[in-house]
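Asks: Input structure: coords.txt, which contains compact mmCIF, C-alpha atoms and all ligand atoms.
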```txt
# COMPACT_ATOMS: atom_id res chain seq x y z
CA SER A 1 74.57 91.38 101.70
CA ARG A 2 78.32 91.91 101.26
CA LEU A 3 79.84 94.19 103.88
CA PHE A 4 82.95 96.38 103.72
CA ASN A 5 85.96 94.25 104.61
CA PHE A 6 89.16 95.88 105.91
CA CYS A 7 90.94 92.59 106.66
CA ALA A 8 94.75 92.58 106.36
CA GLY A 9 94.69 89.16 104.73
CA PRO A 10 93.10 87.10 103.43
CA ALA A 11 91.68 90.31 102.08
CA ALA A 12 88.65 91.51 100.15
CA LEU A 13 88.44 90.42 96.51
CA PRO A 14 86.85 92.53 93.76
CA GLN A 15 83.10 91.98 93.57
CA THR A 16 83.15 91.33 89.82
CA VAL A 17 85.92 88.73 90.21
CA LEU A 18 83.82 86.79 92.69
CA GLU A 19 80.77 87.07 90.45
CA ARG A 20 82.72 85.78 87.47
CA ALA A 21 84.14 82.89 89.50
CA ARG A 22 80.61 82.07 90.69
CA ASP A 23 79.25 82.09 87.13
CA GLU A 24 82.07 79.84 85.92
CA MET A 25 82.18 77.65 89.03
CA LEU A 26 80.39 74.54 87.75
CA ASP A 27 81.17 74.78 84.06
CA TRP A 28 84.21 76.71 82.87
CA GLN A 29 83.60 78.06 79.36
CA GLY A 30 81.42 75.16 78.25
CA ARG A 31 83.97 72.46 79.14
CA GLY A 32 81.50 70.80 81.52
CA LEU A 33 83.71 70.98 84.61
CA SER A 34 85.04 73.40 87.19
CA VAL A 35 88.57 74.80 87.04
CA MET A 36 89.05 73.04 90.38
CA GLU A 37 88.49 69.70 88.68
CA MET A 38 90.79 70.21 85.70
CA SER A 39 94.16 68.58 85.19
CA HIS A 40 96.88 71.18 85.54
CA ARG A 41 98.35 69.64 82.39
CA SER A 42 95.17 70.12 80.37
CA GLU A 43 95.12 72.53 77.47
CA ALA A 44 92.29 74.43 79.21
CA PHE A 45 94.19 75.00 82.46
CA ILE A 46 97.43 75.82 80.67
CA SER A 47 95.57 78.54 78.77
CA ILE A 48 94.30 79.94 82.11
CA ALA A 49 97.80 79.82 83.61
CA GLU A 50 99.47 81.42 80.59
CA GLN A 51 96.87 84.18 80.35
CA ALA A 52 97.34 84.99 84.04
CA GLU A 53 101.09 85.30 83.57
CA ALA A 54 100.73 87.38 80.41
CA ASP A 55 98.35 89.79 82.15
CA LEU A 56 100.63 90.10 85.16
CA ARG A 57 103.62 90.74 82.90
CA SER A 58 101.74 93.45 81.10
CA LEU A 59 100.44 95.08 84.31
CA LEU A 60 103.90 95.28 85.90
CA ALA A 61 105.80 95.65 82.61
CA ILE A 62 107.99 92.71 83.65
CA PRO A 63 111.08 92.56 81.39
CA ASP A 64 111.62 89.37 79.34
CA HIS A 65 114.71 88.37 81.30
CA TYR A 66 112.61 87.86 84.43
CA LYS A 67 110.76 84.64 85.28
CA VAL A 68 107.39 84.65 86.98
CA LEU A 69 106.96 81.72 89.39
CA PHE A 70 103.63 80.64 90.85
CA MET A 71 104.71 78.91 94.06
CA GLN A 72 103.18 77.75 97.35
CA GLY A 73 104.01 78.04 101.02
CA GLY A 74 103.25 81.74 101.44
CA ALA A 75 105.70 84.59 101.77
CA SER A 76 106.92 82.93 104.97
CA SER A 77 108.45 80.08 102.95
CA GLN A 78 110.32 82.64 100.87
CA PHE A 79 112.11 83.76 104.03
CA ALA A 80 113.98 80.41 103.80
CA MET A 81 113.92 79.92 100.03
CA LEU A 82 115.81 83.16 99.46
CA PRO A 83 119.00 82.38 101.38
CA LEU A 84 118.80 78.81 100.09
CA ASN A 85 118.47 79.91 96.46
CA LEU A 86 120.79 82.93 96.49
CA GLY A 87 123.40 81.69 98.96
CA GLY A 88 125.16 79.00 96.90
CA GLN A 89 128.16 81.27 96.29
CA GLY A 90 128.52 82.10 99.99
CA GLY A 91 128.43 85.69 101.19
CA THR A 92 126.30 87.44 103.76
CA ALA A 93 122.58 88.02 103.57
CA ASN A 94 121.91 91.74 104.15
CA TYR A 95 118.60 92.94 105.58
CA ILE A 96 116.83 96.20 106.29
CA TYR A 97 114.64 95.92 109.38
CA THR A 98 111.49 98.03 109.44
CA GLY A 99 109.00 95.78 111.21
CA ILE A 100 107.72 92.38 112.22
CA TRP A 101 107.76 90.74 108.77
CA GLY A 102 111.30 91.87 108.07
CA GLN A 103 112.29 90.53 111.46
CA LYS A 104 110.85 87.13 110.57
CA ALA A 105 112.75 87.16 107.27
CA ILE A 106 116.00 87.88 109.16
CA GLN A 107 115.40 85.16 111.74
CA GLU A 108 114.78 82.57 109.03
CA GLY A 109 117.66 83.86 106.90
CA GLN A 110 120.05 83.32 109.82
CA ARG A 111 119.41 79.59 109.61
CA TYR A 112 120.91 79.37 106.12
CA LEU A 113 123.47 82.17 105.74
CA PRO A 114 125.44 84.58 107.90
CA THR A 115 123.37 87.78 108.08
CA HIS A 116 124.13 91.47 108.40
CA LEU A 117 121.72 94.19 109.48
CA ALA A 118 122.28 96.86 106.83
CA ALA A 119 119.82 99.34 108.35
CA SER A 120 117.16 99.39 111.01
CA SER A 121 114.18 101.46 112.09
CA GLU A 122 114.44 100.19 115.64
CA ALA A 123 115.86 103.44 117.06
CA ASN A 124 112.88 105.46 115.83
CA GLY A 125 110.35 102.91 117.10
CA LEU A 126 109.53 101.65 113.58
CA THR A 127 108.01 105.00 112.63
CA ARG A 128 110.13 105.84 109.58
CA VAL A 129 112.21 103.86 107.09
CA PRO A 130 116.00 104.29 107.02
CA THR A 131 117.30 106.98 104.67
CA PRO A 132 119.45 105.80 101.73
CA SER A 133 122.62 106.97 103.51
CA GLU A 134 121.74 104.93 106.60
CA ILE A 135 121.96 101.67 104.60
CA GLN A 136 125.41 100.15 105.22
CA LEU A 137 126.07 96.95 103.31
CA SER A 138 128.60 94.29 104.29
CA THR A 139 131.46 93.83 101.83
CA ASP A 140 130.44 90.31 100.80
CA ALA A 141 126.67 90.83 100.46
CA ALA A 142 124.83 87.98 98.71
CA TYR A 143 121.69 90.13 98.49
CA LEU A 144 119.91 93.02 100.18
CA HIS A 145 116.40 92.25 101.45
CA TYR A 146 113.72 94.69 102.55
CA THR A 147 109.97 94.77 103.10
CA SER A 148 108.39 97.48 100.96
CA ASN A 149 105.32 97.67 103.19
CA GLU A 150 105.21 96.46 106.78
CA THR A 151 101.64 95.23 107.03
CA ILE A 152 101.37 95.30 110.82
CA GLY A 153 103.15 98.59 111.55
CA GLY A 154 101.76 100.40 108.51
CA LEU A 155 105.25 101.55 107.44
CA GLN A 156 105.95 101.77 103.71
CA PHE A 157 109.10 102.63 101.77
CA ASP A 158 108.74 105.75 99.65
CA TYR A 159 111.81 104.85 97.57
CA ILE A 160 113.63 101.82 96.17
CA PRO A 161 117.08 101.33 97.74
CA GLU A 162 119.91 101.93 95.30
CA VAL A 163 122.38 99.04 94.96
CA SER A 164 125.19 98.22 92.54
CA ASP A 165 124.29 96.12 89.48
CA ASP A 166 125.95 92.99 90.85
CA LEU A 167 124.00 92.98 94.14
CA PRO A 168 120.51 91.46 93.93
CA LEU A 169 117.90 93.64 95.61
CA VAL A 170 115.18 91.42 97.10
CA CYS A 171 111.83 92.73 98.20
CA ASP A 172 108.95 91.24 100.14
CA MET A 173 106.05 93.02 98.44
CA SER A 174 103.34 90.86 99.99
CA SER A 175 101.14 93.75 101.03
CA ASP A 176 101.71 96.39 98.36
CA ILE A 177 102.40 94.57 95.11
CA LEU A 178 100.03 95.71 92.32
CA SER A 179 98.96 98.76 94.33
CA GLY A 180 100.73 100.88 91.73
CA PRO A 181 103.43 100.64 89.04
CA ILE A 182 106.94 99.52 90.03
CA ASP A 183 110.21 99.36 88.12
CA VAL A 184 110.82 95.59 88.19
CA SER A 185 114.24 96.02 86.60
CA ARG A 186 115.56 97.50 89.87
CA PHE A 187 115.07 94.14 91.63
CA GLY A 188 116.71 90.73 91.60
CA VAL A 189 113.76 89.03 93.30
CA ILE A 190 110.28 90.24 94.22
CA TYR A 191 107.99 87.95 96.16
CA ALA A 192 104.52 88.17 97.62
CA GLY A 193 101.93 86.00 99.30
CA ALA A 194 98.78 86.24 97.20
CA GLN A 195 96.13 86.86 99.81
CA LYS A 196 96.15 90.67 99.72
CA ASN A 197 96.30 92.21 96.24
CA ILE A 198 96.71 89.09 94.09
CA GLY A 199 94.02 86.57 94.95
CA PRO A 200 93.17 83.92 97.50
CA ALA A 201 95.65 82.43 99.97
CA GLY A 202 97.66 79.44 98.80
CA LEU A 203 99.57 81.02 95.96
CA THR A 204 102.93 82.77 96.29
CA LEU A 205 104.29 84.92 93.52
CA VAL A 206 108.02 85.16 92.79
CA ILE A 207 109.46 87.40 90.08
CA ILE A 208 113.15 86.68 89.56
CA ARG A 209 115.87 87.86 87.20
CA GLU A 210 116.98 84.86 85.16
CA ASP A 211 120.68 85.07 86.00
CA LEU A 212 119.85 84.43 89.68
CA LEU A 213 118.29 81.01 89.06
CA ASP A 214 121.56 79.09 89.46
CA ARG A 215 122.87 80.26 92.82
CA ALA A 216 121.18 77.69 95.05
CA GLN A 217 122.88 76.01 97.98
CA ALA A 218 123.39 72.29 97.30
CA GLN A 219 121.00 71.11 100.01
CA THR A 220 118.04 73.18 98.74
CA PRO A 221 115.04 70.83 98.51
CA THR A 222 113.93 70.21 94.93
CA MET A 223 110.52 71.78 95.50
CA PHE A 224 112.14 74.94 96.86
CA GLN A 225 114.52 75.51 93.95
CA TYR A 226 113.61 78.50 91.81
CA ARG A 227 115.43 76.84 88.87
CA VAL A 228 113.25 73.73 89.08
CA CYS A 229 110.10 75.82 89.36
CA ALA A 230 111.12 77.97 86.38
CA ASP A 231 112.08 75.01 84.19
CA HIS A 232 108.71 73.35 84.83
CA ALA A 233 106.61 76.49 84.23
CA SER A 234 105.61 76.36 87.94
CA MET A 235 104.18 72.85 87.45
CA TYR A 236 106.88 70.58 88.86
CA ASN A 237 104.13 69.29 91.13
CA THR A 238 100.41 70.06 91.23
CA PRO A 239 100.09 73.84 91.58
CA PRO A 240 97.23 75.54 93.47
CA THR A 241 95.15 75.64 90.30
CA PHE A 242 92.05 77.38 91.59
CA ALA A 243 94.03 80.12 93.34
CA TRP A 244 96.04 80.64 90.14
CA TYR A 245 92.83 80.94 88.12
CA LEU A 246 91.38 83.48 90.59
CA ALA A 247 94.61 85.48 90.52
CA GLY A 248 94.19 85.55 86.74
CA LEU A 249 90.70 86.99 87.15
CA VAL A 250 92.11 89.67 89.47
CA PHE A 251 94.82 90.58 86.91
CA ASP A 252 92.12 90.79 84.23
CA TRP A 253 90.03 93.05 86.50
CA LEU A 254 93.03 95.31 87.14
CA LYS A 255 93.81 95.56 83.45
CA ASN A 256 90.40 95.86 81.93
CA GLU A 257 88.11 97.29 84.62
CA VAL A 258 90.44 99.45 86.71
CA GLY A 259 92.52 100.45 83.69
CA GLY A 260 95.98 99.43 84.88
CA LEU A 261 98.27 100.17 87.80
CA GLU A 262 98.58 103.91 87.25
CA ALA A 263 94.80 104.20 87.64
CA MET A 264 94.90 101.82 90.62
CA ALA A 265 97.57 103.95 92.30
CA GLN A 266 95.45 107.07 92.00
CA ILE A 267 92.46 105.35 93.59
CA ASN A 268 94.66 104.00 96.38
CA GLN A 269 96.16 107.44 97.02
CA ARG A 270 92.70 108.96 97.35
CA LYS A 271 91.53 106.23 99.74
CA ALA A 272 94.57 106.53 102.02
CA ALA A 273 94.56 110.34 101.97
CA ARG A 274 90.91 110.40 103.06
CA LEU A 275 91.50 108.07 105.99
CA TYR A 276 94.70 109.77 107.21
CA HIS A 277 92.93 113.12 106.94
CA THR A 278 90.21 111.87 109.28
CA ILE A 279 92.80 110.52 111.72
CA ASP A 280 94.80 113.78 111.66
CA THR A 281 91.87 116.17 111.96
CA LEU A 282 90.15 114.45 114.88
CA ASP A 283 92.14 114.50 118.15
CA PHE A 284 90.34 111.31 119.03
CA TYR A 285 92.57 109.23 116.65
CA SER A 286 96.31 108.98 116.06
CA ASN A 287 98.83 107.31 113.77
CA PRO A 288 102.54 107.49 114.73
CA ILE A 289 104.19 106.97 111.33
CA ALA A 290 106.30 109.69 109.64
CA LYS A 291 104.14 111.12 106.86
CA PRO A 292 106.29 110.08 103.86
CA ASN A 293 106.30 106.47 105.14
CA ARG A 294 102.65 106.09 106.00
CA SER A 295 101.35 102.97 104.34
CA GLN A 296 98.78 103.37 101.59
CA MET A 297 97.62 99.81 102.17
CA ASN A 298 97.47 99.29 105.94
CA VAL A 299 96.49 102.18 108.18
CA PRO A 300 96.95 101.45 111.89
CA PHE A 301 95.42 103.92 114.32
CA ARG A 302 94.73 104.27 118.02
CA LEU A 303 91.85 105.78 119.92
CA ALA A 304 92.70 108.47 122.50
CA ASP A 305 90.91 106.31 125.05
CA ALA A 306 92.04 102.69 124.59
CA SER A 307 89.19 101.46 126.81
CA LEU A 308 86.81 102.30 123.93
CA GLU A 309 88.46 99.86 121.49
CA LYS A 310 85.97 97.03 122.01
CA THR A 311 83.05 99.43 121.66
CA PHE A 312 84.58 100.87 118.48
CA LEU A 313 84.91 97.42 116.92
CA LYS A 314 81.41 96.38 117.97
CA GLU A 315 79.76 99.51 116.63
CA ALA A 316 81.84 99.36 113.43
CA GLU A 317 80.73 95.81 112.79
CA ALA A 318 77.11 96.80 113.40
CA ALA A 319 77.65 99.52 110.76
CA GLY A 320 78.88 96.91 108.26
CA LEU A 321 82.61 97.66 108.65
CA LEU A 322 84.48 94.41 109.23
CA ASN A 323 87.94 93.43 110.50
CA LEU A 324 89.21 96.72 111.90
CA ALA A 325 91.13 95.25 114.85
CA GLY A 326 94.90 95.77 114.76
CA HIS A 327 97.24 92.77 114.56
CA ARG A 328 97.10 90.68 117.73
CA SER A 329 100.77 91.48 118.46
CA VAL A 330 100.28 95.27 118.60
CA GLY A 331 96.58 95.90 119.32
CA GLY A 332 94.83 99.14 118.38
CA MET A 333 92.95 99.43 115.10
CA ARG A 334 94.01 98.82 111.52
CA ALA A 335 92.15 99.43 108.28
CA SER A 336 93.61 97.65 105.27
CA LEU A 337 92.82 99.46 102.04
CA TYR A 338 93.94 96.94 99.44
CA ASN A 339 93.00 97.29 95.77
CA ALA A 340 89.63 95.56 96.12
CA VAL A 341 88.45 97.86 98.93
CA PRO A 342 86.22 100.38 97.15
CA GLU A 343 86.33 104.12 97.78
CA ALA A 344 82.79 103.82 99.16
CA ALA A 345 84.19 101.65 101.96
CA VAL A 346 86.58 104.42 103.01
CA ASP A 347 83.77 106.97 102.85
CA ALA A 348 81.67 104.76 105.13
CA LEU A 349 84.61 104.21 107.50
CA THR A 350 85.54 107.88 107.81
CA ALA A 351 81.89 108.86 108.37
CA PHE A 352 81.64 106.21 111.09
CA MET A 353 84.90 107.37 112.73
CA THR A 354 83.72 110.98 112.75
CA ASP A 355 80.39 110.04 114.34
CA PHE A 356 82.09 107.78 116.87
CA ALA A 357 84.54 110.52 117.90
CA HIS A 358 81.69 112.99 118.42
CA LYS A 359 79.68 110.49 120.38
CA TRP A 360 82.48 109.32 122.71
CA GLY A 361 85.10 112.08 122.53
N1 LIG B 401 105.37 89.45 104.56
C1 LIG B 401 104.44 90.41 104.71
C2 LIG B 401 104.79 91.83 104.40
C3 LIG B 401 103.15 90.06 105.14
O1 LIG B 401 102.22 91.00 105.28
C4 LIG B 401 102.85 88.71 105.41
C5 LIG B 401 101.51 88.30 105.88
O2 LIG B 401 100.67 89.09 106.21
C6 LIG B 401 103.86 87.76 105.26
C7 LIG B 401 105.10 88.16 104.82
C8 LIG B 401 103.60 86.31 105.52
O3 LIG B 401 102.84 85.84 104.46
P1 LIG B 401 102.27 84.35 104.41
O4 LIG B 401 101.17 84.28 105.39
O5 LIG B 401 101.83 84.27 102.97
O6 LIG B 401 103.37 83.43 104.71
```
Here is the file; what I need is its structure written in the form of structure tokens.
Ligand code: PLP
Replies:
Amino acid sequence: SRLFNFCAGPAALPQTVLERARDEMLDWQGRGLSVMEMSHRSEAFISIAEQAEADLRSLLAIPDHYKVLFMQGGASSQFAMLPLNLGGQGGTANYIYTGIWGQKAIQEGQRYLPTHLAASSEANGLTRVPTPSEIQLSTDAAYLHYTSNETIGGLQFDYIPEVSDDLPLVCDMSSDILSGPIDVSRFGVIYAGAQKNIGPAGLTLVIIREDLLDRAQAQTPTMFQYRVCADHASMYNTPPTFAWYLAGLVFDWLKNEVGGLEAMAQINQRKAARLYHTIDTLDFYSNPIAKPNRSQMNVPFRLADASLEKTFLKEAEAAGLLNLAGHRSVGGMRASLYNAVPEAAVDALTAFMTDFAHKWG
């Protein structure tokens, strides 16, 4: 009865993760209670939490001098937590603008630090990311922030910006974290809302180099301080225990069923290539993004005749293909191909799109 779900977030979860959660729902490993009902200080929950972190560390090969924080408030809260936590020594927050989420990060950053636009994709209509030589930092940069994958525009960086060792590179990886291997050591801070490739909404992941934990502005609320979160193993207050547990099941699935992030990346490349091929070979569909920056995770596309959009969505849903409408701010269509979206879903989508184009084109 489960249909193919192309939602941009909260997104599809792996079938086997949901099955495991269902099987363990009432009685986790013979303890006689659900994970939802456990104390976060219990030995049972701490083992769940520690295993999740260990699996994540192994998947991303996170170096020992980085802390993994399981926070709350979504990626949107990080837009404020970053300048608060990294701005204690003054300086200017530098940003690369490639889309709507980056714009929100800048607007929030401006409330807590002076900001500088180091590079922007505005002039090319958000269709390609700035080249390395287009990135111009201010002299007193406190950090450089960018969004590796703009979820709404479908614009993804195909490189990691190069910065000097003393400048923290900060990345919002909400919509492409865990889609493939990354070199964590290139970053000062990586953050991501969980509800795409990590697990259910409610959990926010922060990976931070330890030497950056003590740069907070004095007024930073206790709950927002990375240092406090790190010193309390992400349990200064009650963490979102069930979301953390489910994220752990997703990490376990990635490690032991998918076979790691290299294998995941290959699957994701195949899925995206198949969908872009369909868009490019049928005149009926279009995607405006420069090929090297086309997102592997979120594929926006338009129909040649926009008046057919409602019909497209209706017929897609009838064919078992859910959540293909573009973001409300931009319209059009969007298929999100996160890790848990199986290749069979893309096969079904491309077959539907081909039929639809022949029927209405
Ligand atoms: N950043 C990116 C790249 C996103 O895709 C999203 C949500 O879709 C956000 C930030 C905001 O995340 P949240 O809803 O967790 O605050």
Asks: Given the choices A:Asp140, A:Glu162, A:Glu43, A:Asp176, which gets closest to ligand LIG 401 (chain B) if the distance is worked out from all atoms listed in the file?
Replies: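 Looking at the shortest contact to ligand LIG 401 (chain B), the residue is A:Asp176.
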Asks: Show me which residues line ligand LIG 401 (chain B), defined as having an atom within 8 Å of a ligand atom where all atoms listed in the file count, and present them as a ChimeraX atom specification.
Replies: /A:8-9,73-78,101-102,147-152,172-175,192-195,201-202,204
Asks: Write out as a list in words the residues lying within 10 Å of Asp283 (chain A), counting all atoms listed in the file and excluding same-chain residues fewer than 6 positions away.
Replies: Leu303, Ala304, Ala357 and Gly361 of chain A
Asks: Hey, can you spit out that residue selection with C-alpha atoms as a PDB file, in the frame of the given file?
Replies:
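Writing the result to part-v8.pdb gives the following:
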```pdb
ATOM      1  CA  LEU A 303      91.850 105.780 119.920  1.00  0.00           C
ATOM      2  CA  ALA A 304      92.700 108.470 122.500  1.00  0.00           C
ATOM      3  CA  ALA A 357      84.540 110.520 117.900  1.00  0.00           C
ATOM      4  CA  GLY A 361      85.100 112.080 122.530  1.00  0.00           C
TER       5      GLY A 361
END
```
Asks: Name the closest residue to Val330 (chain A) among the candidates A:Gly99, A:Leu144, A:Ala351, A:Gly259; distances are taken between atoms, counting only C-alpha atoms.
Replies: A:Gly99
Asks: What does the structure give for the distance between CA of Met223 (chain A) and CA of Glu108 (chain A), in Å to one decimal?
Replies: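 Atom-to-atom, CA of Met223 (chain A) to CA of Glu108 (chain A), that is 17.8 Å.
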Asks: Using only C-alpha atoms, which of the listed residues (A:Ser1, A:Leu203, A:Gly180, A:Tyr226) sits closest to Leu246 (chain A)?
Replies: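 Among A:Ser1, A:Leu203, A:Gly180, A:Tyr226, it is A:Leu203 that comes nearest to Leu246 (chain A).
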Asks: I want to know what sits within 6 Å of region 336-349 of chain A, based on all atoms listed in the file, with residues of the same chain fewer than 4 positions away left out; could you give that as a CSV table (one decimal) with C-alpha atoms, in the frame of the given file?
Replies:
```csv
chain,number,residue,atom,x,y,z
A,4,PHE,CA,83.0,96.4,103.7
A,6,PHE,CA,89.2,95.9,105.9
A,7,CYS,CA,90.9,92.6,106.7
A,8,ALA,CA,94.8,92.6,106.4
A,12,ALA,CA,88.6,91.5,100.2
A,13,LEU,CA,88.4,90.4,96.5
A,14,PRO,CA,86.8,92.5,93.8
A,271,LYS,CA,91.5,106.2,99.7
A,297,MET,CA,97.6,99.8,102.2
A,298,ASN,CA,97.5,99.3,105.9
```
Asks: Between A:Pro288, A:Gly320, A:Gly260, A:Gly248, which is the closest to Ala54 (chain A) once you count only C-alpha atoms?
Replies: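 Closest to Ala54 (chain A) of all the choices is A:Gly248.
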Asks: Of the candidates A:Ser185, A:Ser138, A:Thr350, A:Thr92, which one gets nearest to His65 (chain A) if we count only C-alpha atoms?
Replies: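 Under the stated criterion, the closest residue is A:Ser185.
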Asks: Considering only C-alpha atoms, state which residue in the set A:Met333, A:Leu56, A:Leu69, A:Ala233 is at the smallest distance from Arg41 (chain A).
Replies: A:Ala233
Asks: Quick one: residues within 12 Å of Thr222 (chain A), all atoms listed in the file, excluding same-chain residues fewer than 3 positions away - as a VMD selection string?
Replies: chain A and resid 81 84 to 85 216 to 219 225 to 232 236 to 237
Asks: Within 8 Å of Ser121 (chain A), counting all atoms listed in the file, which residues qualify if same-chain residues fewer than 5 places away don't, as number ranges by chain?
Replies: A: 97-99, 126-130
Asks: Can you tell me how far CA of Tyr146 (chain A) sits from CA of Val170 (chain A), in Å to one decimal?
Replies: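 The value is 6.5 Å.
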Asks: Find the distance between CA of Arg209 (chain A) and CA of Tyr143 (chain A) and write it in Å to one decimal.
Replies: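 These two atoms are separated by 12.9 Å.
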Asks: Which residues, written as a list of chain:residue names, have at least one atom at most 12 Å from Glu19 (chain A), with all atoms listed in the file counted and residues fewer than 4 positions away on the same chain left out?
Replies: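 Once the adjacent positions are removed, what remains is A:Leu13, A:Pro14, A:Gln15, A:Asp23, A:Glu24, A:Met25, A:Leu246, A:Leu249, A:Val250, A:Trp253.
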Asks: Write the selection just made, keeping C-alpha atoms, as a tab-separated table (two decimals), in the coordinates of the input?
Replies:
```tsv
chain	number	residue	atom	x	y	z
A	13	LEU	CA	88.44	90.42	96.51
A	14	PRO	CA	86.85	92.53	93.76
A	15	GLN	CA	83.10	91.98	93.57
A	23	ASP	CA	79.25	82.09	87.13
A	24	GLU	CA	82.07	79.84	85.92
A	25	MET	CA	82.18	77.65	89.03
A	246	LEU	CA	91.38	83.48	90.59
A	249	LEU	CA	90.70	86.99	87.15
A	250	VAL	CA	92.11	89.67	89.47
A	253	TRP	CA	90.03	93.05	86.50
```
Asks: Taking (116.0, 88.8, 89.9) in the coordinates of the supplied file, I want to know which residues reach to within 6 Å of it, counting all atoms listed in the file; could you give the answer as a VMD selection string?
Replies: chain A and resid 187 to 189 208 to 209 212
Asks: Report, as lines of an AutoDock Vina configuration file, the centre and edge lengths in Å (one decimal) of the axis-aligned box enclosing every listed atom of region 261-276 of chain A, padded by 8 Å on each side.
Replies:
```
center_x = 94.7
center_y = 105.3
center_z = 97.2
size_x = 23.7
size_y = 26.2
size_z = 36.0
```
Asks: Since the input lacks atoms, please generate N, CA and C atoms for region 315-329 of chain A and provide them as a PDB file, in the coordinates of the input.
Replies:
```
ATOM      1  N   GLU A 315      80.634  98.587 117.366  1.00  0.00           N
ATOM      2  CA  GLU A 315      79.760  99.510 116.630  1.00  0.00           C
ATOM      3  C   GLU A 315      80.128  99.542 115.137  1.00  0.00           C
ATOM      4  N   ALA A 316      81.423  99.394 114.840  1.00  0.00           N
ATOM      5  CA  ALA A 316      81.840  99.360 113.430  1.00  0.00           C
ATOM      6  C   ALA A 316      81.222  98.152 112.736  1.00  0.00           C
ATOM      7  N   GLU A 317      81.286  97.025 113.400  1.00  0.00           N
ATOM      8  CA  GLU A 317      80.730  95.810 112.790  1.00  0.00           C
ATOM      9  C   GLU A 317      79.226  95.967 112.569  1.00  0.00           C
ATOM     10  N   ALA A 318      78.556  96.582 113.543  1.00  0.00           N
ATOM     11  CA  ALA A 318      77.110  96.800 113.400  1.00  0.00           C
ATOM     12  C   ALA A 318      76.831  97.736 112.220  1.00  0.00           C
ATOM     13  N   ALA A 319      77.815  98.601 111.895  1.00  0.00           N
ATOM     14  CA  ALA A 319      77.650  99.520 110.760  1.00  0.00           C
ATOM     15  C   ALA A 319      78.127  98.893 109.450  1.00  0.00           C
ATOM     16  N   GLY A 320      78.474  97.603 109.491  1.00  0.00           N
ATOM     17  CA  GLY A 320      78.880  96.910 108.260  1.00  0.00           C
ATOM     18  C   GLY A 320      80.340  97.105 107.895  1.00  0.00           C
ATOM     19  N   LEU A 321      81.168  97.437 108.887  1.00  0.00           N
ATOM     20  CA  LEU A 321      82.610  97.660 108.650  1.00  0.00           C
ATOM     21  C   LEU A 321      83.384  96.570 109.382  1.00  0.00           C
ATOM     22  N   LEU A 322      83.922  95.622 108.623  1.00  0.00           N
ATOM     23  CA  LEU A 322      84.480  94.410 109.230  1.00  0.00           C
ATOM     24  C   LEU A 322      86.000  94.461 109.363  1.00  0.00           C
ATOM     25  N   ASN A 323      86.503  93.724 110.366  1.00  0.00           N
ATOM     26  CA  ASN A 323      87.940  93.430 110.500  1.00  0.00           C
ATOM     27  C   ASN A 323      88.807  94.677 110.690  1.00  0.00           C
ATOM     28  N   LEU A 324      88.444  95.507 111.632  1.00  0.00           N
ATOM     29  CA  LEU A 324      89.210  96.720 111.900  1.00  0.00           C
ATOM     30  C   LEU A 324      90.153  96.595 113.113  1.00  0.00           C
ATOM     31  N   ALA A 325      90.219  95.414 113.712  1.00  0.00           N
ATOM     32  CA  ALA A 325      91.130  95.250 114.850  1.00  0.00           C
ATOM     33  C   ALA A 325      92.567  95.209 114.356  1.00  0.00           C
ATOM     34  N   GLY A 326      93.486  95.833 115.108  1.00  0.00           N
ATOM     35  CA  GLY A 326      94.900  95.770 114.760  1.00  0.00           C
ATOM     36  C   GLY A 326      95.429  94.342 114.917  1.00  0.00           C
ATOM     37  N   HIS A 327      96.646  94.101 114.433  1.00  0.00           N
ATOM     38  CA  HIS A 327      97.240  92.770 114.560  1.00  0.00           C
ATOM     39  C   HIS A 327      97.333  92.389 116.041  1.00  0.00           C
ATOM     40  N   ARG A 328      97.140  91.125 116.325  1.00  0.00           N
ATOM     41  CA  ARG A 328      97.100  90.680 117.730  1.00  0.00           C
ATOM     42  C   ARG A 328      98.386  91.028 118.488  1.00  0.00           C
ATOM     43  N   SER A 329      99.499  91.197 117.777  1.00  0.00           N
ATOM     44  CA  SER A 329     100.770  91.480 118.460  1.00  0.00           C
ATOM     45  C   SER A 329     100.895  92.947 118.876  1.00  0.00           C
TER      46      SER A 329
END
```
